[in-house]
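J.: Submitted below is the structure of interest, expressed as structure tokens.
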Amino acid sequence: MTFLGLWVSYAAYHSVRKADSVGAYIFAIAYELSGLNITYNFLSADIGISFTYLILPLAFAGYYHWVTAGKFRMLATAMTIICLSHVLNTLITVLALVIFLIVDIKKVHRQKLLNLGKAVGITVLLSSSFWVPALHFGTSIKMTKPFAFPLNGINLLQYTTAALSNNITYGFTIVALLGFVLAAIRYRHLSRFSKEIFWVGIGFVILSSSLIPWHLFQNTSLNLLQFPWRFLILPQLGFTYLFSSIGSALLKRVPKRTYQLGILSILTLVVLGLSLNSQAGRVNFERKSPEIKADLYPDSNQMPLVQGIFWYRVTNLRQYRHMMTYLPVTDYLPKMSDDMFKTLPMQRAIQDNNPAVNIPVLSKSHSKGKKMTVDIGTPIKSLALPFVIYDRHYTVTLDGKRYPVKVNQNHVLTINHLSVGEHTIRVSYHNDGLTAIICGLTLLGLMAILLPQKWPKTTKRQ
């Protein structure tokens, strides 16, 4: 991912500033090796956010090519990947692009709007493998909304100090901060596009800060944002771009090429040093954390919260399995009673609708679903298994024989009238209609993005 990010960052910058290979190099290493990226890759280990961060330069380069020349394929490709990576970051990126569009509205004419429509259409088609199932499952059953954290903006002084000390978690880095300072000093020499990036970046920093009374929106749909610092991925991108473009321009003023290469080498070592320092900070923080050596269970506080982060570590497969014995996350699951939810994630089946009476389940995933094995000591009237049922497209077999799909009031698979002994339940999912719709829409999107923008003209034979 790091290598891919370096390549994407370099290519995106270079496509906007074709003559500035040095700036593209500076941007690639400063952006992809930043402490913020270290946080997303190794602290939160959030693959969706990491891929969004990786693709953001391509999205805004795509916007630049659309607004200046009407080209739309790069924008469509980048937004498709972001849509398939992280929902909230998709909305944040769209918000930024809309702001840029409003600023650049005088540059837009009918053909560009038509091409923007093509980009949006292609993105919708190519991202259908996410939104079609999400729409289907989201409307089939009542879901639990993501957990609502207290909405609080960041302390700008605290985050700036953290950037200067290279001790960041979810904030902008020292390179981005230098980019802001350089842009402010050389503002009169910036291009229009760079000035837009400067002011939009400032806007998103303010938007993420405590200057905005976020607490007033706690009981609105905006609480789905959870953390206003999510907006900082945009100023991190924009200010790093400004640092790279201004730094490259200043470097060209150095009289001798030997001196230029020396400065660039020192800058590379500094960026690498800052990156390694961020990684070391993460490692040293985690090394002192307690190991998970026993099964987790509800309300146990076995994962202490330090600096707003769950502080724990696993060092082997056994500890990993201990950690996975209880996952207290209800986001996007069907609504169910608290007692039921606290028992099922522990991979225990609930007997006769009484969470206090439960038995362990040995589970193994396969390509189409799950295999579960239970050992029954006494005859059971009903057994609620740790498997959520969203619709009627599941196939269930009990001990090798077809069994009708049954759910209880909590939307989990239920088996009735089990005798004493070991039983094997296999569950698989088949929805040919949904699969056909996704394949059809994706194929249309691929055809649309691969078709030539202009067909070659043919000449008639004399």
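Here, A, B, ... name the chains of the structure tokens in the order displayed, residue numbers run from 1 inside each chain, and ligands are numbered from 1 in the same displayed order.
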Please run DSSP on the backbone and report, as a ChimeraX atom specification, all residues within segment 265-462 of chain A that come out as helix (DSSP H, G or I).
T.: /A:265-287,317-323,338-346,432-450
J.: Give me the residues near Phe231 of chain A as a ChimeraX atom specification, where near means some atom within 12 Å (using only C-alpha atoms) and where sequence neighbours in that chain fewer than 2 positions away do not count.
T.: /A:53,88-96,153-154,170-172,200-209,225-229,233-238
J.: Within 7 Å of segment 424-434 of chain A, counting only C-alpha atoms, which residues show up once you throw out same-chain ones fewer than 6 positions away? Write them as a PyMOL selection string, please.
T.: chain A and resi 368-374+393-399
J.: Can you work out which one of A:Gln218, A:Gln158, A:Ser127, A:Thr240 has the shortest atom-to-atom distance to Pro57 of chain A, counting only C-alpha atoms?
T.: A:Thr240
J.: Excluding segment 36-48 of chain A and residues on its chain fewer than 5 positions from it, collect all residues at most 7 Å away from it, counting only C-alpha atoms, and give them as a short mmCIF file (atom, residue, chain, number, x, y, z; two decimals) with C-alpha atoms, in the first residue's frame.
T.:
data_model
loop_
_atom_site.label_atom_id
_atom_site.label_comp_id
_atom_site.auth_asym_id
_atom_site.auth_seq_id
_atom_site.Cartn_x
_atom_site.Cartn_y
_atom_site.Cartn_z
CA SER A 85 -13.54 2.32 0.72
CA HIS A 86 -15.29 4.52 3.28
CA THR A 169 -2.56 10.96 16.03
CA TYR A 170 -5.37 12.25 13.82
CA GLY A 171 -4.06 15.74 13.04
CA PHE A 172 -2.06 17.56 10.39
CA THR A 173 1.70 17.04 10.28
CA SER A 278 5.99 8.40 14.11
CA GLN A 279 6.22 4.64 13.71
CA ARG A 282 3.25 4.06 17.90
#
J.: Would you mind listing what lies within 7 Å of Tyr390 of chain A as a ChimeraX atom specification, with only C-alpha atoms counted and same-chain residues fewer than 5 positions away left out?
T.: /A:137,140-141
J.: Within 9 Å of Thr343 of chain A, counting only C-alpha atoms, which residues show up once you throw out same-chain ones fewer than 2 positions away? Write them as a VMD selection string, please.
T.: chain A and resid 297 to 298 326 338 to 341 345 to 350 355 to 356 358 386
J.: Go ahead and save the picked residues with N, CA and C atoms, as a compact mmCIF listing (two decimals), in the first residue's frame.
T.:
# COMPACT_ATOMS: atom_id res chain seq x y z
N TYR A 297 -15.28 -10.61 27.75
CA TYR A 297 -16.70 -10.76 28.03
C TYR A 297 -17.30 -9.38 28.27
N PRO A 298 -18.63 -9.24 28.15
CA PRO A 298 -19.24 -7.91 28.24
C PRO A 298 -18.95 -7.20 29.56
N TYR A 326 -15.09 -11.62 21.86
CA TYR A 326 -16.19 -10.69 22.09
C TYR A 326 -15.92 -9.39 21.36
N ASP A 338 -30.26 -5.94 24.21
CA ASP A 338 -28.88 -5.86 24.71
C ASP A 338 -28.37 -7.21 25.20
N ASP A 339 -29.21 -7.93 25.96
CA ASP A 339 -28.78 -9.22 26.49
C ASP A 339 -28.47 -10.20 25.37
N MET A 340 -29.29 -10.18 24.33
CA MET A 340 -29.07 -11.06 23.19
C MET A 340 -27.75 -10.71 22.49
N PHE A 341 -27.53 -9.41 22.26
CA PHE A 341 -26.32 -9.01 21.55
C PHE A 341 -25.07 -9.35 22.35
N PRO A 345 -22.13 -12.31 20.24
CA PRO A 345 -20.77 -12.08 19.75
C PRO A 345 -19.70 -12.94 20.44
N MET A 346 -20.06 -13.54 21.56
CA MET A 346 -19.13 -14.43 22.26
C MET A 346 -19.15 -15.83 21.66
N GLN A 347 -19.85 -15.95 20.49
CA GLN A 347 -19.98 -17.24 19.81
C GLN A 347 -20.60 -18.29 20.74
N ARG A 348 -21.73 -17.86 21.33
CA ARG A 348 -22.51 -18.76 22.16
C ARG A 348 -23.95 -18.72 21.67
N ALA A 349 -24.58 -19.88 21.62
CA ALA A 349 -25.97 -19.99 21.19
C ALA A 349 -26.90 -19.88 22.41
N ILE A 350 -28.01 -19.20 22.23
CA ILE A 350 -28.92 -18.92 23.34
C ILE A 350 -30.06 -19.93 23.33
N PRO A 355 -30.91 -15.56 27.46
CA PRO A 355 -29.46 -15.33 27.29
C PRO A 355 -28.62 -15.89 28.43
N ALA A 356 -29.22 -16.07 29.60
CA ALA A 356 -28.46 -16.61 30.73
C ALA A 356 -28.15 -18.10 30.54
N ASN A 358 -26.86 -20.58 27.84
CA ASN A 358 -26.25 -20.61 26.51
C ASN A 358 -25.19 -21.68 26.43
N PRO A 386 -25.40 -17.70 16.71
CA PRO A 386 -24.75 -16.42 16.41
C PRO A 386 -24.61 -16.18 14.91
J.: With a distance cut-off of 8 Å and only C-alpha atoms, select the neighbouring residues of segment 266-268 of chain A, excluding the residue or stretch itself and same-chain residues fewer than 3 positions from it, and output the selection as a PyMOL selection string.
T.: chain A and resi 26+29+262-263+271-272
J.: Could you give me the residues within segment 256-366 of chain A that DSSP places in strand (DSSP E), as a VMD selection string?
T.: chain A and resid 305 to 306 309 to 310 348 to 351 354 to 360 362 to 366
J.: Work out how far apart atom CA of Leu58 of chain A and atom CA of Val270 of chain A are and give it in Å to one decimal.
T.: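 These atoms are spaced 25.3 Å apart.
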